[in-house]
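First up is the structure itself, then whatever we jot down about it.
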Amino acid sequence: MLTRILMAVLIISVQQFCFGQRKKGEVSQTPESKSFYQARLNDEDAVYFTPENFKITGDGKTDVSDELQRAINEVKTNFNFGIVFIPEGTYQISKTIYIPTAVRVIGYGKKRPVIVLADNAPGYQEAYPQDKGHAKYMFWFTSSIPKEGQPVPDAGASTFYSAMSNVDLRIGAGNPSAVALRTHFAQHSFISHVDIHAGSGKAGMFDVGNEMEDVRFFGGEYGIYTFKPSPGWQFMMVDTYFEGQRKAAIRSQESGLTIVRMTVKNVPTVLEINPDFYEKLFIEDSRFENVSGPALVISNENNAYTQVSLRNVDCKKVPVLARFRTSGRQIEGQGDIYKVRTLTHGLQMASLDARPAHTTTQEIEPLKTGPLPAAKDIPAFPAIATWANLKALGAKGDGVTDDTKAIQAAIDQHETIYVPQGWYRITETLKLKAKTALIGLNPVSTQFILHDNTEAFGSFGPPKPMMESPQGGTNILSGIGISTAASNTRAVGLKWMAGANSYVNDVKFLGGHGNITRKRPGQEAVNNSSHVGNEQHWDTQYWSLWITNGGGGTFKNIWTANTFASAGTYVSNTSTPGRVYAMSVEHHVRNEVRFKNVSNWKVYALQLEEESKESSNCQPLEIESCDNMLFANLYMFRVIRVSTPYPHSIRSWNNGKLEFLNVHNYSQTKYPSTIPLYDVNSGLEVRPWEFARLVIDNPKPRAVDLQPGKVVQLAKGFEFADGICRDSKGNVYFSESRARRIYKWWAETNALNLVADFPWEPLSLGMDTKDNLLVVFKYIPKPGYLLGGKPETFPNPPDASGTSFSGWGNNGFGTLVYAMNPEKAEETMHLLPKLPLNQVKGIARTLNPSNRRRDSGDFLKVSTNQFTECWLAPDGATIVPVVYDLARSNALVEGYPGKVLYGTDEYLKRTFRFNVGPEGHLSEPQLFAEKGEFSSAVDSEGNVYIADGQVYVLDPAGNEIRVIETPERPSTIVVGGLRGDTLFITGRNALYAVKIR
């Protein structure tokens, strides 16, 4: 008997997962919906739609329309954002329910609550030609509460944090114009864990927005009928199901459908694109069954905007896979069961240097049996009975009380923690355990926050995360906002090192756009740190989301738009598989997203946006030393207010295999990024703004033909390159000060890489004797920041007087020095100690300002000052003198006790020779040349190279040997290369080299 039961269970399971057999006219049996939140979660700030609070019943016999609207409006009116909880039951409505910005409707109970549109509900029988969808809606997501007699304020580009989850919807009989949901919302808005039974109604959903997960559509003319999402971004669908639609599962135009793990059964068509419009369609790991007509109907087939990419799609009884409207051409199926391994239609480039070609490529394989569906990569939440309530454990969440100890204690004692709505202030890093799950339900009403000038996150130092996962953990973080405030210079929002089975979902990194004022009854309105009026704090923190040290997992529905951070997302040093579903990264000053030393990642529906004031000069996407990565439906957007061009959307460096599918590079103005992708070391550019496929596969660096006397451009695209130095192997480093980037040129491979982009302005670079990179940088103390109860101050050294720069250019900033191993920049960077000179023994190398601008004529006096303090490098033998002119110098020049050093009087354009004493002091100045600007260098024969419009070469006696003419004005120079026979030159915009012997 037991064996028979087990066999029956196995048969049912296989039928659920494999292509089922179905006789003609037989109704497909689908599993009943499963409640995602099976018990009530206690939250004092939520509204509970229960008979105790509202005049309702949950038996489906009474009309609850007005009371449900009242519950939703109560959240918006009292709090401005929040949650309406609906318990298990059946609820009848007869009119449209409006859900305004940042309100979420969430069901709970052993079974999902079901909301039913009454049979023959008033107004749902007629068409509405004046309405965009020609329909009437059960639920309409709006930007605000509609007002009587005024047009309904449809959700749009600024409708954030709205959602419906764990609620089933059903359209009753006799409602042919009914649509269950209208969802034209933006970031952090979604539909999840919802079954929509449209029946004889028009559609399940009209006008999609942002993201959906685990939504099933039954019946209707369409499951989804949609136009362009707001404001023209792509739409992410994960784990969806469609069955029994009368016309098509989906009808769309311009909606950027990014679909992973979708099943469609018993329909005439899977997707129909509106005539004369395009679609950017990506489908992966999906299943089509019993599709009588063409599965895909594609319009505008010869237009670059039309981009269709299928990967791993299993088909059964799908005789025609695709039909093109214009030509009538069809792609036939391959037998009764077949797999579409790949299908790509649109403008394609098989390599960086391939000529773009508009074509259709496909790989379709007949199968004998139906394969198992693709495995899900979204972890299940732990059983709700195990969730501990954070406020019940002592956290206040009032935005004022320091909740650090209470939260950390909860993490230490409980694996799964429910975080009720509230703003939880912390003052130290929260460290997750191996299985910690932190679950909130609305990232604007549930936040972990810093106050400005929190001591542990301020001053100078390496990245310090608000929250940190352990390496290899199976952590979950969902439905929580993270705010680093404006003035916390060391802050990282989240450092993620958890493994492939971890999950970050519905997390907002606040501090720029997307803030919403908080209201609580009896309290004044409160807001997180807005970027408006805080321009002095822009780009002064580390990255918001940092995934590193083997971190991976699934990252879904994330919005990172913190203008105070140096980048929204930085992924580094990991080969752990990662998946990104619907990440929006916007409004940073220098970088939106960086990938460095990353492999085995898939990035779906990544959306990048540059705003005019803060990010006109922002690099949207940086990909360096990465391999085996996919970017699907990548949108890169510069807003209508941008009035300046930017050279490229993607910078690619030293990468293995990358594949881009469906790329959209655009703006409403004439200033999209000029080049969608620039490969730095090969020098190759991708020109099409719109393309369906591009493959990068180990592009070779451009050939570097160095010959004596011939200046060769090595790399370009910098706004002002200087600060040059070399290491013992002949590799060269330089920086861009305003852009806060440090680069390395590898002498052996003739390739460039980006070493660091910390939020500290590098002024000049040097090396110690063990090849630690030393960075002289500008540090600006934050007003109001206290360290040990006292404000940070940086008085000028005594030699500051005598230069106008000290009065007009140095308004209280400090010039400091940090060191790092350039191969492990983030892990090793640290501030150098400042010591009295007499405590340092055995000085082997000094690093002095290469140029001093002394407009009072005291260059020689200041250069020969007997400085008394220095920064000591990690080797214990290299020092950087504490002198004011480091704040202005473009580079450092190496000095060795007992030898000579050349320094430049920038103001009078002269170069002097000095002797270097045993403690690094300079003495016995001699005028060497009536030339000089920012930098000089010396070769192994003692010849001196002076940058001054061109590069002048003088012998040790000061006689001019020759002039090296450069393509642009040189800024800094150094002799390097494998044999020490190459002069490297930073121009304003490029790096050059010339062989000198």
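Going by the structure tokens order, chains are called A, B, ..., each with residues numbered from 1, while ligands are numbered from 1 in the order shown.
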Original post:
If you run DSSP on this backbone, which residues of segment 349-435 of chain A come out as alpha helix (DSSP H), and could you give them as an MDAnalysis selection string?
Top reply: chainID A and resid 404:413
Subject >> Close residues, Gly980 of chain A itself excluded, 10 Å, only C-alpha atoms, min 6 positions apart in chain, as a list in words >> reply: Arg726, Ser728, Lys729, Gly730, Asn731, Asp939, Ser940, Val974, Lys995, Ile996 and Arg997 of chain A
**OP:** Extract, using only C-alpha atoms, all DNA, RNA and protein residues at most 9 Å from Pro676 of chain A, discarding same-chain residues fewer than 5 positions from it, and format them as a PyMOL selection string.
**Re:** chain A and resi 636+647-651+663-665+685-690
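Considering only C-alpha atoms, the residue among A:Ile250, A:Val215, A:Leu754, A:Leu606 positioned nearest to Ile623 of chain A is A:Leu754.
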Original post:
Got a sec: who's within 7 Å of segment 402-409 of chain A, counting only C-alpha atoms, leaving out chain neighbours fewer than 4 positions off, as a ChimeraX atom specification?
Top reply: /A:394-396,413,424-428,430
Original post:
Using only C-alpha atoms, which of the listed residues (A:Val444, A:Leu630, A:Leu352, A:Ala437) sits closest to Gly422 of chain A?
Top reply: A:Val444
Original post:
Which neighbours of Gly949 of chain A fall inside 7 Å, counting only C-alpha atoms, when residues of the same chain fewer than 2 positions from it are skipped, and could you give them as number ranges by chain?
Top reply: A: 947, 951, 969-970
Since we have the selection now, will you write its residues out, keeping C-alpha atoms, as a PDB file, in the first residue's frame?
ATOM      1  CA  ALA A 947      57.855  68.418 -18.986  1.00  0.00           C
ATOM      2  CA  VAL A 951      59.432  67.078 -23.017  1.00  0.00           C
ATOM      3  CA  ARG A 969      50.606  68.876 -23.243  1.00  0.00           C
ATOM      4  CA  PRO A 970      52.417  66.539 -20.826  1.00  0.00           C
TER       5      PRO A 970
END
Original post:
Near Val291 of chain A, counting only C-alpha atoms, which residues have an atom at most 7 Å away, once you skip same-chain residues fewer than 3 positions from it, shown as a PyMOL selection string?
Top reply: chain A and resi 265-269+288+295+317-318
Suppose we keep C-alpha atoms; can you now write the selection as a compact mmCIF listing (two decimals), in the first residue's frame?
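The resulting file, again_16.txt, is reproduced below:
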# COMPACT_ATOMS: atom_id res chain seq x y z
CA LYS A 265 0.09 26.48 -21.84
CA ASN A 266 -3.01 26.14 -23.99
CA VAL A 267 -2.97 29.48 -25.78
CA PRO A 268 -3.05 30.63 -29.41
CA THR A 269 0.10 32.75 -28.94
CA PHE A 288 5.67 26.56 -24.07
CA ALA A 295 4.35 31.35 -30.26
CA LYS A 317 3.09 21.01 -29.53
CA VAL A 318 4.31 24.39 -30.74
Subject >> DSSP strand (DSSP E) selection over segment 839-885 of chain A, as a list in words >> reply: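 Checking each residue of segment 839-885 of chain A, the strand (DSSP E) ones are Arg845, Thr846, Leu847, Asn848, Pro849, Asn851, Arg852, Glu869, Cys870, Trp871, Leu872, Thr878, Ile879, Val880 and Pro881 of chain A.
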Original post:
From the list A:Leu684, A:Ile780, A:Ala957, A:Leu892, which residue is nearest Pro795 of chain A when using only C-alpha atoms?
Top reply: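 Of the candidates, the smallest distance to Pro795 of chain A is held by A:Ile780.
Comparing the minimum interatomic distances between Ser162 of chain A and each of A:Gly479, A:Gly133, A:Gly149, A:Pro849, counting only C-alpha atoms, we find that A:Gly479 sits nearest.
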